[in-house]
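Raw contents of work-v7.txt, compact mmCIF, C-alpha atoms:
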# COMPACT_ATOMS: atom_id res chain seq x y z
CA MET G 12 0.00 0.00 0.00
CA ALA G 13 0.96 3.59 -0.20
CA ALA G 14 3.81 4.43 2.05
CA ARG G 15 1.94 5.62 5.04
CA PRO G 16 0.43 8.72 3.58
CA TRP G 17 -1.40 9.16 6.82
CA ARG G 18 1.69 9.16 8.83
CA GLY G 19 2.04 12.86 9.14
CA THR G 20 -1.43 13.25 10.47
CA LEU G 21 -1.50 14.47 13.99
CA ILE G 22 -3.34 12.17 16.27
CA TYR G 23 -3.43 12.70 19.95
CA VAL G 24 -4.27 10.60 22.84
CA GLY G 25 -7.38 12.34 23.83
CA ALA G 26 -10.37 12.53 25.96
CA VAL G 27 -8.77 11.50 29.13
CA ALA G 28 -11.86 12.45 30.99
CA VAL G 29 -13.97 10.22 28.85
CA MET G 30 -11.77 7.23 29.21
CA THR G 31 -11.62 7.76 32.90
CA ALA G 32 -15.34 7.88 32.94
CA ALA G 33 -15.62 4.73 30.90
CA GLY G 34 -13.54 2.95 33.46
CA VAL G 35 -15.83 4.15 36.16
CA ALA G 36 -18.87 3.03 34.30
CA LYS G 37 -17.59 -0.39 33.53
CA PHE G 38 -16.23 -1.28 36.88
CA ASN G 39 -18.84 0.19 39.08
CA GLY G 40 -21.93 -0.07 37.04
CA VAL G 41 -22.87 3.46 37.81
CA GLY G 42 -22.60 6.71 36.06
CA ALA G 43 -22.57 5.02 32.73
CA VAL G 44 -25.03 7.31 31.18
CA ASP G 45 -23.33 10.45 32.24
CA SER G 46 -19.81 9.50 31.95
CA ALA G 47 -19.43 7.38 28.92
CA ALA G 48 -20.69 10.20 26.84
CA ALA G 49 -18.81 12.91 28.45
CA PRO G 50 -17.71 14.48 25.35
CA VAL G 51 -14.79 15.70 25.58
CA ALA G 52 -13.22 17.94 26.24
CA ASP G 53 -11.16 20.34 24.50
CA GLY G 54 -9.16 20.70 27.59
CA ALA G 55 -8.84 17.01 28.07
CA THR G 56 -6.67 16.51 25.10
CA SER G 57 -3.48 15.24 26.48
CA ASP G 58 -0.08 15.85 25.13
CA GLU G 59 1.39 13.47 27.58
CA SER G 60 0.73 10.23 25.86
CA ALA G 61 4.30 9.21 26.36
CA THR G 62 3.60 8.89 30.02
CA THR G 63 0.92 6.35 29.50
CA GLY G 64 1.44 3.39 31.71
CA PRO G 65 1.19 -0.16 30.52
CA ASP G 66 0.40 -0.76 26.92
CA SER G 67 -3.18 -0.77 25.93
CA THR G 68 -2.79 -3.96 23.99
CA ASP G 69 -4.55 -6.03 26.45
CA ALA G 70 -8.16 -5.98 25.64
CA GLY G 71 -11.16 -4.13 26.55
CA SER G 72 -11.86 -0.53 25.97
CA THR G 73 -11.92 -0.09 29.67
CA GLU G 74 -8.36 -1.09 30.00
CA SER G 75 -7.07 0.92 27.17
CA GLY G 76 -9.01 3.86 28.44
CA ALA G 77 -7.97 3.42 31.97
CA ASP G 78 -4.39 3.19 30.95
CA GLN G 79 -4.47 6.82 30.30
CA THR G 80 -6.25 7.94 33.37
CA GLY G 81 -3.17 8.33 35.39
CA PRO G 82 -0.47 10.70 34.40
CA GLY G 83 -2.19 11.89 31.28
CA SER G 84 -5.16 13.35 32.99
CA SER G 85 -3.11 15.92 34.73
CA SER G 86 -3.10 17.97 31.62
CA ASP G 87 -6.51 19.31 32.27
CA GLY G 88 -6.84 18.67 35.92
CA THR G 89 -7.05 21.33 38.48
CA ASP G 90 -4.32 19.70 40.44
CA PRO G 91 -1.54 18.41 38.30
CA GLY G 92 0.35 17.25 41.29
CA SER G 93 -2.24 14.83 42.49
CA ALA G 94 -1.27 11.83 40.44
CA SER G 95 0.60 9.60 42.76
CA THR G 96 1.80 6.10 43.14
CA GLU G 97 1.08 4.14 46.22
CA GLY G 98 2.23 0.75 47.22
CA SER G 99 -0.54 -1.67 47.87
CA SER G 100 -1.20 -5.25 48.78
CA THR G 101 1.44 -7.05 46.83
CA SER G 102 4.76 -5.96 45.58
CA ASP G 103 3.62 -6.23 42.00
CA ASP G 104 0.58 -4.05 42.41
CA VAL G 105 0.80 -0.38 41.69
CA THR G 106 -2.09 1.95 42.28
CA ILE G 107 -2.22 5.18 40.39
CA VAL G 108 -4.52 7.88 41.63
CA GLY G 109 -5.57 9.99 38.70
CA SER G 110 -5.94 13.69 39.01
CA VAL G 111 -9.36 15.23 38.82
CA ALA G 112 -10.61 15.49 35.27
CA GLN G 113 -13.20 18.15 34.72
CA THR G 114 -15.83 17.09 32.27
CA ARG G 115 -18.87 19.00 31.26
CA TYR G 116 -20.83 16.61 33.41
CA GLY G 117 -18.78 17.14 36.50
CA ASN G 118 -15.51 16.06 38.01
CA VAL G 119 -14.22 12.56 37.51
CA GLN G 120 -11.39 10.97 39.41
CA VAL G 121 -10.40 7.33 39.59
CA SER G 122 -7.65 5.18 40.92
CA VAL G 123 -6.32 2.36 38.80
CA THR G 124 -4.43 -0.61 40.14
CA PHE G 125 -1.98 -2.41 37.92
CA ALA G 126 -0.41 -5.82 38.47
CA GLY G 127 2.35 -5.71 35.95
CA GLU G 128 0.63 -4.57 32.82
CA LYS G 129 -2.81 -5.81 33.81
CA ILE G 130 -5.36 -3.54 35.32
CA THR G 131 -6.72 -5.32 38.33
CA ASP G 132 -8.95 -2.67 39.79
CA VAL G 133 -10.47 0.69 39.08
CA GLN G 134 -12.09 2.67 41.84
CA ALA G 135 -14.13 5.78 41.40
CA LEU G 136 -13.06 8.49 43.80
CA GLN G 137 -15.25 11.14 42.29
CA ILE G 138 -17.99 10.80 39.77
CA PRO G 139 -20.45 13.36 38.49
CA ASP G 140 -23.52 13.55 40.67
CA ARG G 141 -25.87 14.81 38.04
CA GLU G 142 -28.99 12.87 37.32
CA PRO G 143 -28.51 10.48 34.45
CA ARG G 144 -30.04 11.88 31.35
CA ASP G 145 -32.89 10.06 29.77
CA VAL G 146 -30.99 8.83 26.78
CA GLN G 147 -29.26 5.69 25.84
CA ILE G 148 -25.54 6.13 25.78
CA SER G 149 -23.07 3.65 24.49
CA GLN G 150 -20.59 2.51 27.08
CA GLN G 151 -17.98 1.93 24.48
CA ALA G 152 -14.97 4.14 24.82
CA VAL G 153 -13.08 4.88 21.69
CA PRO G 154 -9.48 5.70 22.35
CA ILE G 155 -7.54 7.40 19.64
CA LEU G 156 -4.23 5.87 18.74
CA THR G 157 -1.25 7.67 20.06
CA GLN G 158 0.99 9.54 17.73
CA GLU G 159 3.83 7.40 19.01
CA ALA G 160 2.05 4.19 18.08
CA ILE G 161 1.46 5.43 14.59
CA GLU G 162 4.92 6.77 14.03
CA SER G 163 6.54 3.66 15.37
CA GLY G 164 4.63 1.64 12.83
CA SER G 165 3.04 -0.49 15.50
CA ALA G 166 -0.36 0.81 14.54
CA ARG G 167 -1.92 -0.86 11.56
CA ILE G 168 -5.00 0.60 9.95
CA ASP G 169 -7.42 -2.25 9.37
CA THR G 170 -10.11 -0.34 7.55
CA VAL G 171 -11.22 3.17 6.70
CA SER G 172 -14.54 4.84 7.31
CA GLY G 173 -15.46 7.41 4.70
CA ALA G 174 -18.34 8.66 2.63
CA THR G 175 -17.77 6.44 -0.36
CA TYR G 176 -20.63 6.28 -2.83
CA THR G 177 -18.99 5.38 -6.11
CA SER G 178 -16.43 2.98 -7.49
CA GLU G 179 -14.36 5.94 -8.59
CA GLY G 180 -14.28 7.25 -5.05
CA TYR G 181 -13.39 3.83 -3.76
CA ILE G 182 -10.56 3.20 -6.21
CA GLU G 183 -8.60 6.23 -5.07
CA SER G 184 -9.18 5.50 -1.41
CA LEU G 185 -6.97 4.08 1.26
CA GLN G 186 -9.56 1.34 1.75
CA SER G 187 -8.86 0.15 -1.77
CA ALA G 188 -5.19 -0.21 -0.88
CA ILE G 189 -6.07 -2.06 2.29
CA ASP G 190 -8.29 -4.50 0.41
CA GLN G 191 -5.52 -5.17 -2.06
CA ARG G 192 -3.09 -5.79 0.76
CA GLY G 193 -5.15 -8.86 1.50
CA MET Q 29 -10.23 -14.65 4.53
CA ARG Q 30 -11.02 -11.45 2.74
CA HIS Q 31 -13.80 -11.11 0.24
CA GLN Q 32 -14.88 -8.19 -1.87
CA GLN Q 33 -17.91 -7.60 -4.06
CA VAL Q 34 -19.52 -4.63 -5.72
CA VAL Q 35 -22.91 -3.90 -4.19
CA MET Q 36 -24.95 -0.75 -4.82
CA GLY Q 37 -22.18 0.30 -7.19
CA ILE Q 38 -19.55 0.27 -4.43
CA PRO Q 39 -16.92 -2.34 -3.67
CA MET Q 40 -17.75 -3.76 -0.25
CA SER Q 41 -15.43 -6.01 1.69
CA VAL Q 42 -15.47 -8.49 4.53
CA ASP Q 43 -12.32 -9.41 6.39
CA VAL Q 44 -12.47 -12.48 8.62
CA PRO Q 45 -9.11 -12.97 10.28
CA ASP Q 46 -7.57 -16.39 10.66
CA ARG Q 47 -10.45 -18.31 9.12
CA ASP Q 48 -11.05 -19.59 5.64
CA ASP Q 49 -13.27 -22.60 6.14
CA ALA Q 50 -16.43 -23.60 4.36
CA ALA Q 51 -18.67 -22.30 7.13
CA VAL Q 52 -17.14 -18.82 6.94
CA ARG Q 53 -17.34 -18.77 3.16
CA GLU Q 54 -20.99 -19.72 3.29
CA ALA Q 55 -21.69 -17.05 5.91
CA VAL Q 56 -19.96 -14.41 3.81
CA THR Q 57 -21.90 -15.51 0.74
CA MET Q 58 -25.13 -15.17 2.70
CA ALA Q 59 -24.10 -11.75 4.00
CA PHE Q 60 -23.47 -10.47 0.48
CA ALA Q 61 -26.70 -12.03 -0.73
CA SER Q 62 -28.57 -9.99 1.86
CA LEU Q 63 -26.77 -6.83 0.70
CA HIS Q 64 -27.73 -7.52 -2.91
CA ALA Q 65 -31.31 -8.21 -1.88
CA ALA Q 66 -31.43 -4.86 -0.07
CA ASP Q 67 -30.01 -3.16 -3.14
CA ARG Q 68 -32.70 -4.66 -5.35
CA ARG Q 69 -35.46 -3.64 -3.00
CA PHE Q 70 -34.24 -0.11 -2.26
CA SER Q 71 -32.55 1.02 -5.44
CA ARG Q 72 -33.73 4.47 -6.48
CA PHE Q 73 -32.20 3.88 -9.88
CA ASP Q 74 -34.27 0.82 -10.65
CA PRO Q 75 -37.83 1.86 -11.54
CA THR Q 76 -39.07 -1.63 -10.71
CA SER Q 77 -37.62 -1.74 -7.18
CA GLU Q 78 -40.07 -1.76 -4.32
CA VAL Q 79 -38.95 1.65 -3.10
CA SER Q 80 -39.42 3.14 -6.59
CA ARG Q 81 -42.86 1.62 -6.89
CA TYR Q 82 -43.69 2.75 -3.36
CA ALA Q 83 -42.64 6.29 -4.22
CA ARG Q 84 -45.05 6.21 -7.14
CA GLY Q 85 -47.84 4.99 -4.90
CA GLU Q 86 -47.97 1.59 -6.56
CA VAL Q 87 -47.26 -0.62 -3.56
CA LEU Q 88 -50.37 -1.93 -1.90
CA VAL Q 89 -48.72 -4.29 0.57
CA VAL Q 90 -45.50 -2.94 1.98
CA SER Q 91 -42.80 -5.53 2.69
CA ASP Q 92 -41.48 -6.00 6.20
CA GLU Q 93 -38.15 -4.63 5.07
CA LEU Q 94 -39.57 -1.41 3.66
CA ARG Q 95 -41.81 -1.03 6.68
CA GLU Q 96 -38.77 -1.35 8.94
CA VAL Q 97 -36.77 1.20 6.96
CA LEU Q 98 -39.64 3.67 6.94
CA ALA Q 99 -40.10 3.24 10.68
CA LEU Q 100 -36.41 3.84 11.27
CA ALA Q 101 -36.55 6.97 9.16
CA GLU Q 102 -39.54 8.23 11.08
CA ARG Q 103 -37.79 7.63 14.37
CA ALA Q 104 -34.69 9.44 13.14
CA ALA Q 105 -36.81 12.37 12.00
CA ASP Q 106 -38.47 12.54 15.43
CA GLU Q 107 -35.20 12.34 17.30
CA SER Q 108 -33.59 15.04 15.22
CA GLY Q 109 -36.42 17.53 15.31
CA GLY Q 110 -37.07 16.96 11.63
CA ALA Q 111 -33.50 17.55 10.42
CA PHE Q 112 -33.23 13.96 9.24
CA SER Q 113 -35.75 13.34 6.50
CA ILE Q 114 -36.21 10.81 3.73
CA ARG Q 115 -38.31 13.36 1.86
CA ARG Q 116 -36.13 15.32 -0.46
CA PRO Q 117 -36.80 19.04 -0.77
CA ASP Q 118 -38.42 18.31 -4.15
CA GLY Q 119 -40.82 15.90 -2.47
CA GLY Q 120 -39.14 12.75 -3.73
CA LEU Q 121 -38.45 9.77 -1.51
CA ASP Q 122 -34.80 9.01 -0.70
CA THR Q 123 -34.20 6.21 1.76
CA ASP Q 124 -30.45 6.11 1.16
CA GLY Q 125 -29.75 7.74 4.52
CA VAL Q 126 -31.18 4.66 6.20
CA VAL Q 127 -30.67 1.82 3.78
CA LYS Q 128 -26.91 1.52 3.53
CA GLY Q 129 -26.40 1.22 7.27
CA TRP Q 130 -29.49 -0.93 7.68
CA ALA Q 131 -28.42 -3.33 4.95
CA ALA Q 132 -24.83 -3.50 6.16
CA GLN Q 133 -25.90 -4.15 9.74
CA ARG Q 134 -28.20 -6.90 8.51
CA ALA Q 135 -25.25 -8.43 6.68
CA ALA Q 136 -23.18 -8.16 9.86
CA ASP Q 137 -25.99 -9.85 11.79
CA THR Q 138 -25.96 -12.61 9.21
CA LEU Q 139 -22.28 -13.20 9.90
CA LEU Q 140 -22.79 -13.14 13.67
CA GLY Q 141 -25.75 -15.49 13.35
CA ALA Q 142 -23.56 -17.94 11.47
CA GLY Q 143 -21.04 -17.96 14.28
CA VAL Q 144 -18.52 -15.62 12.71
CA ASP Q 145 -17.53 -13.56 15.72
CA ARG Q 146 -14.48 -11.73 14.41
CA PHE Q 147 -14.86 -9.67 11.27
CA CYS Q 148 -14.66 -6.27 9.67
CA LEU Q 149 -17.37 -5.46 7.17
CA ASN Q 150 -16.82 -2.30 5.15
CA ALA Q 151 -19.80 -1.20 3.09
CA GLY Q 152 -18.79 1.91 1.23
CA GLY Q 153 -17.03 3.39 4.22
CA ASP Q 154 -19.65 2.30 6.71
CA VAL Q 155 -17.94 -0.23 8.93
CA ALA Q 156 -19.26 -2.97 11.23
CA LEU Q 157 -16.75 -4.63 13.53
CA ALA Q 158 -16.85 -7.75 15.66
CA GLY Q 159 -14.23 -9.06 18.01
CA GLU Q 160 -10.59 -8.30 17.41
CA PRO Q 161 -8.34 -8.65 14.35
CA GLU Q 162 -5.81 -10.42 16.52
CA PRO Q 163 -5.88 -11.30 20.20
CA GLY Q 164 -5.47 -8.27 22.39
CA ARG Q 165 -5.79 -5.66 19.68
CA PRO Q 166 -8.86 -3.70 18.66
CA TRP Q 167 -9.73 -2.94 15.06
CA ASN Q 168 -8.02 0.26 13.99
CA VAL Q 169 -10.48 2.24 11.94
CA GLY Q 170 -9.12 5.23 10.05
CA VAL Q 171 -11.38 8.21 9.47
CA ARG Q 172 -10.88 9.49 5.95
CA HIS Q 173 -9.48 12.97 5.58
CA PRO Q 174 -12.11 15.06 3.77
CA ASP Q 175 -9.57 16.60 1.42
CA ASP Q 176 -7.49 13.53 0.65
CA PRO Q 177 -8.73 9.96 0.23
CA THR Q 178 -5.30 8.57 1.01
CA ARG Q 179 -4.99 10.21 4.42
CA VAL Q 180 -6.80 9.72 7.68
CA LEU Q 181 -7.85 12.29 10.23
CA ALA Q 182 -7.80 9.92 13.12
CA VAL Q 183 -7.66 6.25 13.93
CA LEU Q 184 -10.41 4.90 16.16
CA GLU Q 185 -9.97 1.73 18.15
CA VAL Q 186 -13.13 -0.34 18.12
CA ARG Q 187 -13.92 -3.90 19.14
CA ASP Q 188 -17.61 -4.66 18.83
CA GLY Q 189 -19.22 -1.67 17.24
CA ALA Q 190 -19.71 0.35 14.11
CA VAL Q 191 -18.30 3.44 12.44
CA ALA Q 192 -20.19 5.38 9.78
CA THR Q 193 -19.21 8.47 7.85
CA SER Q 194 -21.28 10.87 5.84
CA GLY Q 195 -19.71 13.64 3.83
CA THR Q 196 -19.92 15.95 0.88
CA TYR Q 197 -16.49 15.27 -0.58
CA GLU Q 198 -17.62 12.70 -3.08
CA ARG Q 199 -21.18 13.50 -4.03
CA GLY Q 200 -21.30 17.17 -3.13
CA ALA Q 201 -23.90 18.62 -0.80
CA HIS Q 202 -26.40 15.81 -1.24
CA ILE Q 203 -27.69 15.94 2.30
CA TRP Q 204 -30.40 18.37 3.18
CA ASP Q 205 -31.76 19.77 6.39
CA GLY Q 206 -35.30 18.46 6.62
CA ARG Q 207 -36.29 21.45 8.75
CA THR Q 208 -35.50 24.01 6.09
CA GLY Q 209 -35.26 22.00 2.89
CA GLY Q 210 -31.91 23.63 2.25
CA ALA Q 211 -28.67 21.83 1.55
CA ALA Q 212 -26.82 20.94 4.71
CA ALA Q 213 -23.69 23.06 4.47
CA GLY Q 214 -22.50 23.34 8.04
CA LEU Q 215 -20.18 20.35 7.85
CA VAL Q 216 -18.20 18.62 5.13
CA ALA Q 217 -17.96 15.29 6.92
CA ALA Q 218 -19.28 13.56 10.01
CA THR Q 219 -18.16 10.25 11.48
CA VAL Q 220 -20.10 8.51 14.23
CA VAL Q 221 -19.15 5.49 16.31
CA ALA Q 222 -22.06 3.57 17.81
CA ASN Q 223 -22.96 0.08 18.92
CA ASP Q 224 -24.42 -0.87 15.56
CA LEU Q 225 -24.19 0.38 12.03
CA LEU Q 226 -27.85 1.13 11.77
CA ARG Q 227 -27.55 3.79 14.43
CA ALA Q 228 -24.12 4.97 13.36
CA ASP Q 229 -25.19 5.55 9.76
CA ILE Q 230 -28.41 7.36 10.60
CA MET Q 231 -26.59 9.51 13.13
CA ALA Q 232 -23.80 10.39 10.70
CA THR Q 233 -26.38 11.62 8.20
CA THR Q 234 -28.26 13.44 10.94
CA VAL Q 235 -25.12 15.17 12.19
CA MET Q 236 -24.54 16.42 8.65
CA ALA Q 237 -28.14 17.66 8.48
CA LEU Q 238 -27.95 19.38 11.85
CA GLY Q 239 -24.56 20.92 11.17
CA PRO Q 240 -22.15 21.75 14.00
CA ASP Q 241 -24.93 21.39 16.59
CA GLY Q 242 -25.24 17.77 15.50
CA VAL Q 243 -22.03 16.79 17.25
CA ALA Q 244 -23.42 17.29 20.73
CA TRP Q 245 -26.77 15.93 19.58
CA ALA Q 246 -25.19 12.64 18.53
CA ALA Q 247 -23.29 12.35 21.79
CA GLU Q 248 -26.62 12.62 23.58
CA HIS Q 249 -28.29 10.05 21.36
CA GLY Q 250 -26.05 7.05 21.76
CA ALA Q 251 -22.92 7.92 19.80
CA ALA Q 252 -19.77 6.60 21.42
CA ALA Q 253 -17.73 9.14 19.51
CA VAL Q 254 -18.21 11.82 16.88
CA VAL Q 255 -15.68 13.46 14.60
CA ALA Q 256 -16.97 16.21 12.32
CA VAL Q 257 -15.21 18.63 10.01
CA ARG Q 258 -16.42 22.12 9.19
CA PRO Q 259 -15.95 23.71 5.80
CA ASP Q 260 -13.08 25.77 7.16
CA GLY Q 261 -11.31 22.59 8.27
CA ARG Q 262 -12.06 22.96 11.95
CA ILE Q 263 -12.70 19.64 13.63
CA LEU Q 264 -15.48 19.18 16.13
CA ASN Q 265 -15.59 16.10 18.27
CA ALA Q 266 -17.37 14.41 21.10
CA GLY Q 267 -17.21 11.16 22.95
CA GLY Q 268 -13.87 9.44 22.97
CA ALA Q 269 -12.67 11.06 19.82
CA ALA Q 270 -10.47 14.02 20.53
CA VAL Q 271 -8.77 14.95 17.30
CA PRO Q 272 -6.43 17.88 16.91
CA GLN Q 273 -7.33 20.65 14.51
CA LEU Q 274 -6.22 20.35 10.94
CA VAL Q 275 -3.31 22.65 10.36

Could you rewrite the structure in this file as structure tokens?
Amino acid sequence: MAARPWRGTLIYVGAVAVMTAAGVAKFNGVGAVDSAAAPVADGATSDESATTGPDSTDAGSTESGADQTGPGSSSDGTDPGSASTEGSSTSDDVTIVGSVAQTRYGNVQVSVTFAGEKITDVQALQIPDREPRDVQISQQAVPILTQEAIESGSARIDTVSGATYTSEGYIESLQSAIDQRG
Amino acid sequence: MRHQQVVMGIPMSVDVPDRDDAAVREAVTMAFASLHAADRRFSRFDPTSEVSRYARGEVLVVSDELREVLALAERAADESGGAFSIRRPDGGLDTDGVVKGWAAQRAADTLLGAGVDRFCLNAGGDVALAGEPEPGRPWNVGVRHPDDPTRVLAVLEVRDGAVATSGTYERGAHIWDGRTGGAAAGLVAATVVANDLLRADIMATTVMALGPDGVAWAAEHGAAAVVAVRPDGRILNAGGAAVPQLV
């Protein structure tokens, strides 16, 4: 396929608040309606993706989201200093207390416990206390690939979403190249 | 296995990782058969299709499929305050805003029903995803750059879910705002991630019809993420999709 024409595209790790919220929703069964949708967050865009903890290769949007709740969330938090590491029950466990992420639905703060690269626990320390809105919200978090992942070539684009209505449009598209890659 | 076929004039593809057995091939054949059947029933370009005959008032007994599509369109119109509409400003019927996603989701359901639990179905840029392409990794779905078909704006990580995009870059401003009858010009592209392609596709069209206000609307109506691009290149987003501005 074409030699990574998309490579120069800037893609951030983003929406720290949302991913935090998704972790809260999944692990605690509450706040799903509010938090999973918490859109975003101009201010939540993190430029600290390099500080992300364990790799998000392990499955589950919750994990990949929660990966970034720690250090990354300080970028929009009111208290950048609050992320901390505490020892816990076993020597392998590390608990990261995320800083407070301000979302349009309220403040969100979680702690995430890692055993090696596995997330073993997520606790909500603060969640928005607004009434859930009367809408159905997907609980699926959608992390954006990190710029590092893309530049390192570890990110592979499997498919492309676009407004393709004609064969002509398809032929010139990246999806066409992906289909030919087989 | 990977299989591609032209349906509705567009090459559509199914990617089933790590499997190439008879059961998968049969399931993929059935999935494409359902796409072709939808095309026959809903083609605006075929005067003998059910939707064409319905538009001319010639259908006495509406099929379950057409009834379902019309009901979905009505629901979308209600939810969007009339911005989404299958009535063109000239009064004609245009179910395309519903049918592609509906048909592709039905094809995806066919695969799931046949026990295919890991696949990527791409129907003209509307994408349904199941499982993972390889253990521990989500599907990486690029969002096409509105100005360049070979570049992506963002890459979304999705396991079970759907990504649909609506935009003006290929067919021009073909989406209208049902409230005003005018061409929807507030956005050049809108991508929506949702649990299924039916919802994702309708919402992507609706976001285009609503314009910039549609981004927050979609987030409140079940979208997991929204990425929209304004004519000046500014990117609007909601949900998990935080994308930097185009430079």

Dump as a VMD selection string the residues of chain Q that approach chain G to within 6 Å, counting only C-alpha atoms.
-> chain Q and resid 38 152 to 154 164 to 165 168 to 172 177 to 180 182 to 185 193 to 195 250 252 266 to 268 270

Return as CSV the residues of stretch 114-150 of chain Q lying at most 9 Å from stretch 92-101 of chain Q, together with the closest atom-to-atom pair for each and the distance in Å to one decimal, counting only C-alpha atoms, with rows in chain order and ascending residue number.
residue,atom,partner,partner_atom,distance
Q:Ile114,CA,Q:Ala101,CA,6.7
Q:Thr123,CA,Q:Val97,CA,7.7
Q:Gly125,CA,Q:Ala101,CA,8.3
Q:Val126,CA,Q:Ala101,CA,6.6
Q:Val127,CA,Q:Val97,CA,6.9
Q:Trp130,CA,Q:Val97,CA,7.6

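Considering the residues Q:Ser62, Q:Gln33, Q:Asn265, Q:Ser91 and counting only C-alpha atoms, Q:Ala132 has its shortest atom-to-atom contact with Q:Ser62.
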
Exercise: Q:Leu149 partners within 8 Å, only C-alpha atoms, chain neighbours under 5 positions left out, as a PyMOL selection string | chain Q and resi 40-43+132+136+155-157

Dump of C-alpha atoms for the selected residues, as a PDB file, in the frame of the given file:
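The result, written out as result_9.pdb:
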ATOM      1  CA  MET Q  40     -17.750  -3.760  -0.250  1.00  0.00           C
ATOM      2  CA  SER Q  41     -15.430  -6.010   1.690  1.00  0.00           C
ATOM      3  CA  VAL Q  42     -15.470  -8.490   4.530  1.00  0.00           C
ATOM      4  CA  ASP Q  43     -12.320  -9.410   6.390  1.00  0.00           C
ATOM      5  CA  ALA Q 132     -24.830  -3.500   6.160  1.00  0.00           C
ATOM      6  CA  ALA Q 136     -23.180  -8.160   9.860  1.00  0.00           C
ATOM      7  CA  VAL Q 155     -17.940  -0.230   8.930  1.00  0.00           C
ATOM      8  CA  ALA Q 156     -19.260  -2.970  11.230  1.00  0.00           C
ATOM      9  CA  LEU Q 157     -16.750  -4.630  13.530  1.00  0.00           C
TER      10      LEU Q 157
END

Please indicate the distance in Å from atom CA of Q:Asp224 to atom CA of Q:Ala111, rounded to one decimal place.
->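 Distance between the two atoms: 21.2 Å.
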
Using all atoms listed in the file, collect all residues at a distance of at most 6 Å from (-27.3, 19.1, 4.5) as written in the file, then present them as a compact mmCIF listing (two decimals) with C-alpha atoms, in the frame of the given file.
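Result file result.txt:
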# COMPACT_ATOMS: atom_id res chain seq x y z
CA ILE Q 203 -27.69 15.94 2.30
CA TRP Q 204 -30.40 18.37 3.18
CA ASP Q 205 -31.76 19.77 6.39
CA ALA Q 211 -28.67 21.83 1.55
CA ALA Q 212 -26.82 20.94 4.71
CA ALA Q 213 -23.69 23.06 4.47
CA MET Q 236 -24.54 16.42 8.65
CA ALA Q 237 -28.14 17.66 8.48

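Interatomic distance, atom CA of Q:Ala228 to atom CA of Q:Gly119: 25.5 Å.
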
Any idea what the distance is between atom CA of Q:Asp106 and atom CA of Q:Asp124?
->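 The value is 17.6 Å.
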
Find the residue from Q:Thr234, Q:Met58, Q:Asp46, Q:Leu264 that sits nearest to Q:Thr138; use all atoms listed in the file when measuring.
->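 That would be Q:Met58, the residue with the smallest distance to Q:Thr138.
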